[in-house]
Amino acid sequence: MFLERFDLFTRHVVGPEGAAREFWEAIEHLPFVSVHPKIRANNYDRIAPIGFHGDAGAFSKSDNLMILSWNGLLARGRTRMKRFVFIFVRNRDYTPATLDRIFELLAWSFNAMADGLAPRESWGRRKIGPENEPLAGGWQAILTQIRGDWRFSCEIFSFPAWNAAERMCWRCRASTTNRDLKWVDTTEKSNWRRTRFS
C-alpha cells in the first residue's frame, strides 16, 4: 500500500520541475549526499527528498495517538494533498516491540523508494512481483529529514528527556548531577562543551 501511494501521489511529492536538482546541488557538499549509496549527481533530477514526521495527538481524555506520516519536501499545495499518513496507533496499544515492527515496515518502504524499483520480496520476505520495475515513473525518493516532538524523538532515538538528572541534552553530556558537566555553566570554558557529539 505504501508503495502504491507513492506511485499514485507522485505529483504531490516531487515538486516543480528542476526543484530536485536544485535541492541536491545545494547540499551535495554534505556527507549525507556525498557518501550516500543511492544518490548520484547524474540522477539529481529524478530523486525526491522526503521527510518523515512523528507526533502524538489527543485521542481521548486518557490516551493519545502516535501518528507517523511522510511527505515530499519539495511538494507544493495544500497540506492534506502532500502529507501521507503511514500509521496511527493509540499509545496504550503499543510497546517498544510494536514500534520496532512498524519501523521495520517503514524502513523496507523507504529502502524500496530509495532504490526506485519494485522490490523482490515484501517486508515479510514473501516473493512479490514483478521485480525491478521502476516505481513512480522512474523516480527515487530518499529519506532526508525526520521531524517530531520531543516525546517522539525520545521514544524513537532514545534521546534523553529534557528533565533527566544525569543527562538531558541530545547533543552533549551536560548534566545536573555531574559537577564537572554542569549545564548551568554557560562560559566558553565549560566542560560540557568538550563533550558535544559530532
# chains A, B, ... in the order shown; residues from 1 in each chain; ligands from 1

$ residues_around --residues "range 66-71 of chain A" --least-positions-apart "6" --cutoff "9 Å" --atoms "only C-alpha atoms" --output "count of residues only"
22

$ residues_around --residues "range 190-193 of chain A" --least-positions-apart "4" --cutoff "9 Å" --atoms "only C-alpha atoms" --output "count of residues only"
10

$ residues_around --residues "Phe110 in chain A" --least-positions-apart "4" --cutoff "12 Å" --atoms "only C-alpha atoms" --output "list in words"
Phe2, Leu3, Phe6, Lys38, Ala48, Pro49, Ile50, Gly51, Phe52, Trp70, Asn71, Phe86, Phe103, Glu104, Leu105, Leu106, Ala114, Asp115, Gly116, Leu117, Ala118, Pro119, Trp123, Gln140, Ala141, Ile142, Leu143 and Thr144 of chain A

$ select_by_dssp --residues "range 15-118 of chain A" --states "alpha helix (DSSP H)" --output "ChimeraX atom specification"
/A:19-27,31-34,79-82,96-115

$ select_by_dssp --residues "chain A" --states "strand (DSSP E or B)" --output "number ranges by chain"
A: 47-58, 64-72, 83-90, 117, 121, 127, 134, 140-148, 175, 182

$ write_last_selection --atoms "C-alpha atoms" --output "tab-separated table (two decimals), in the first residue's frame"
chain	number	residue	atom	x	y	z
A	47	ILE	CA	15.42	11.90	-6.74
A	48	ALA	CA	12.73	13.34	-4.48
A	49	PRO	CA	13.82	14.27	-0.95
A	50	ILE	CA	11.20	13.14	1.53
A	51	GLY	CA	10.56	13.82	5.19
A	52	PHE	CA	9.13	11.73	7.96
A	53	HIS	CA	7.11	13.08	10.88
A	54	GLY	CA	6.08	11.54	14.18
A	55	ASP	CA	3.87	13.18	16.73
A	56	ALA	CA	1.33	12.45	19.42
A	57	GLY	CA	-2.18	13.78	19.10
A	58	ALA	CA	-5.05	13.84	21.58
A	64	ASN	CA	-3.05	9.86	22.76
A	65	LEU	CA	-2.38	8.64	19.24
A	66	MET	CA	1.10	8.23	17.81
A	67	ILE	CA	0.81	9.46	14.22
A	68	LEU	CA	3.52	8.68	11.68
A	69	SER	CA	3.43	10.35	8.28
A	70	TRP	CA	5.71	11.21	5.37
A	71	ASN	CA	5.83	13.97	2.77
A	72	GLY	CA	7.76	15.27	-0.20
A	83	ARG	CA	1.27	14.65	3.63
A	84	PHE	CA	0.62	10.91	3.73
A	85	VAL	CA	-0.32	9.15	6.95
A	86	PHE	CA	1.63	5.93	7.32
A	87	ILE	CA	0.04	4.70	10.54
A	88	PHE	CA	-1.55	5.86	13.73
A	89	VAL	CA	-1.77	3.83	16.90
A	90	ARG	CA	-3.06	4.51	20.40
A	117	LEU	CA	12.49	-0.25	-8.23
A	121	GLU	CA	10.33	-9.52	-1.61
A	127	LYS	CA	8.04	-13.19	-3.03
A	134	PRO	CA	10.60	1.26	-11.99
A	140	GLN	CA	13.61	7.57	-6.42
A	141	ALA	CA	12.80	9.04	-3.01
A	142	ILE	CA	15.42	9.49	-0.29
A	143	LEU	CA	14.54	9.96	3.36
A	144	THR	CA	16.23	13.26	4.11
A	145	GLN	CA	14.53	14.63	7.18
A	146	ILE	CA	12.97	13.28	10.38
A	147	ARG	CA	10.77	15.60	12.45
A	148	GLY	CA	8.72	15.17	15.56
A	175	SER	CA	24.27	17.23	33.49
A	182	LYS	CA	27.01	21.35	34.98

$ closest_residue --among "A:Phe197, A:Ala112, A:Ala107, A:Leu99" --to "Glu155 in chain A" --atoms "only C-alpha atoms"
A:Leu99

$ atom_distance --atom1 "CA of Pro31 in chain A" --atom2 "CA of Asn43 in chain A"
17.3 Å

$ residues_around --residues "Gly18 in chain A" --least-positions-apart "6" --cutoff "10 Å" --atoms "only C-alpha atoms" --output "ChimeraX atom specification"
/A:44-46

$ closest_residue --among "A:Ala75, A:Arg196, A:Pro96, A:Trp139" --to "Ser158 in chain A" --atoms "only C-alpha atoms"
A:Pro96

$ atom_distance --atom1 "CA of Ser122 in chain A" --atom2 "CA of Pro37 in chain A"
21.6 Å

$ closest_residue --among "A:Arg167, A:Glu28, A:Arg179, A:Tyr94" --to "Arg40 in chain A" --atoms "only C-alpha atoms"
A:Glu28

$ decode --residues "range 37-70 of chain A" --atoms "N, CA and C atoms" --output "CSV table (one decimal), in the first residue's frame"
chain,number,residue,atom,x,y,z
A,37,PRO,N,24.8,5.9,-0.6
A,37,PRO,CA,24.9,4.9,-1.7
A,37,PRO,C,23.9,5.0,-2.8
A,38,LYS,N,22.8,5.7,-2.6
A,38,LYS,CA,21.7,5.8,-3.6
A,38,LYS,C,21.6,7.1,-4.3
A,39,ILE,N,22.4,8.1,-3.9
A,39,ILE,CA,22.3,9.4,-4.5
A,39,ILE,C,23.5,9.6,-5.5
A,40,ARG,N,23.2,9.8,-6.7
A,40,ARG,CA,24.2,10.1,-7.8
A,40,ARG,C,23.9,11.4,-8.5
A,41,ALA,N,24.9,12.2,-8.6
A,41,ALA,CA,24.7,13.5,-9.2
A,41,ALA,C,24.1,13.5,-10.6
A,42,ASN,N,24.4,12.4,-11.4
A,42,ASN,CA,23.8,12.3,-12.7
A,42,ASN,C,22.3,12.0,-12.7
A,43,ASN,N,21.7,11.8,-11.4
A,43,ASN,CA,20.3,11.4,-11.3
A,43,ASN,C,19.6,12.4,-10.4
A,44,TYR,N,20.2,13.5,-10.0
A,44,TYR,CA,19.6,14.5,-9.1
A,44,TYR,C,18.1,14.9,-9.6
A,45,ASP,N,17.9,14.9,-10.9
A,45,ASP,CA,16.6,15.4,-11.4
A,45,ASP,C,15.5,14.4,-11.1
A,46,ARG,N,15.9,13.2,-10.7
A,46,ARG,CA,14.9,12.1,-10.5
A,46,ARG,C,14.9,11.5,-9.1
A,47,ILE,N,15.4,12.3,-8.1
A,47,ILE,CA,15.4,11.9,-6.7
A,47,ILE,C,14.6,12.9,-5.9
A,48,ALA,N,13.6,12.5,-5.3
A,48,ALA,CA,12.7,13.3,-4.5
A,48,ALA,C,13.2,13.2,-3.0
A,49,PRO,N,13.5,14.3,-2.4
A,49,PRO,CA,13.8,14.3,-1.0
A,49,PRO,C,12.5,14.2,-0.2
A,50,ILE,N,12.4,13.3,0.8
A,50,ILE,CA,11.2,13.1,1.5
A,50,ILE,C,11.5,13.3,3.0
A,51,GLY,N,10.5,13.7,3.7
A,51,GLY,CA,10.6,13.8,5.2
A,51,GLY,C,9.6,12.9,5.9
A,52,PHE,N,9.9,12.6,7.1
A,52,PHE,CA,9.1,11.7,8.0
A,52,PHE,C,8.8,12.5,9.2
A,53,HIS,N,7.6,12.3,9.7
A,53,HIS,CA,7.1,13.1,10.9
A,53,HIS,C,6.4,12.2,11.9
A,54,GLY,N,6.7,12.3,13.1
A,54,GLY,CA,6.1,11.5,14.2
A,54,GLY,C,5.6,12.5,15.3
A,55,ASP,N,4.4,12.3,15.7
A,55,ASP,CA,3.9,13.2,16.7
A,55,ASP,C,2.7,12.5,17.5
A,56,ALA,N,2.5,13.0,18.7
A,56,ALA,CA,1.3,12.5,19.4
A,56,ALA,C,0.2,13.4,19.3
A,57,GLY,N,-1.0,12.9,19.2
A,57,GLY,CA,-2.2,13.8,19.1
A,57,GLY,C,-3.2,13.3,20.1
A,58,ALA,N,-4.0,14.2,20.6
A,58,ALA,CA,-5.1,13.8,21.6
A,58,ALA,C,-6.1,12.9,20.9
A,59,PHE,N,-6.4,11.8,21.7
A,59,PHE,CA,-7.3,10.8,21.2
A,59,PHE,C,-8.5,10.8,22.1
A,60,SER,N,-8.3,10.8,23.4
A,60,SER,CA,-9.3,10.8,24.4
A,60,SER,C,-8.8,11.5,25.6
A,61,LYS,N,-9.5,11.6,26.7
A,61,LYS,CA,-9.1,12.3,27.9
A,61,LYS,C,-7.9,11.5,28.5
A,62,SER,N,-7.8,10.2,28.3
A,62,SER,CA,-6.8,9.4,28.9
A,62,SER,C,-5.8,8.8,28.0
A,63,ASP,N,-5.9,9.1,26.7
A,63,ASP,CA,-5.0,8.4,25.7
A,63,ASP,C,-4.6,9.4,24.6
A,64,ASN,N,-3.5,9.1,24.0
A,64,ASN,CA,-3.0,9.9,22.8
A,64,ASN,C,-2.8,8.9,21.6
A,65,LEU,N,-2.7,9.4,20.4
A,65,LEU,CA,-2.4,8.6,19.2
A,65,LEU,C,-1.0,9.0,18.8
A,66,MET,N,-0.2,8.0,18.5
A,66,MET,CA,1.1,8.2,17.8
A,66,MET,C,0.8,8.2,16.3
A,67,ILE,N,1.1,9.3,15.6
A,67,ILE,CA,0.8,9.5,14.2
A,67,ILE,C,2.1,9.6,13.5
A,68,LEU,N,2.3,8.7,12.5
A,68,LEU,CA,3.5,8.7,11.7
A,68,LEU,C,3.1,9.0,10.2
A,69,SER,N,3.8,10.0,9.7
A,69,SER,CA,3.4,10.4,8.3
A,69,SER,C,4.7,10.7,7.5
A,70,TRP,N,4.6,10.8,6.2
A,70,TRP,CA,5.7,11.2,5.4
A,70,TRP,C,5.2,12.2,4.3
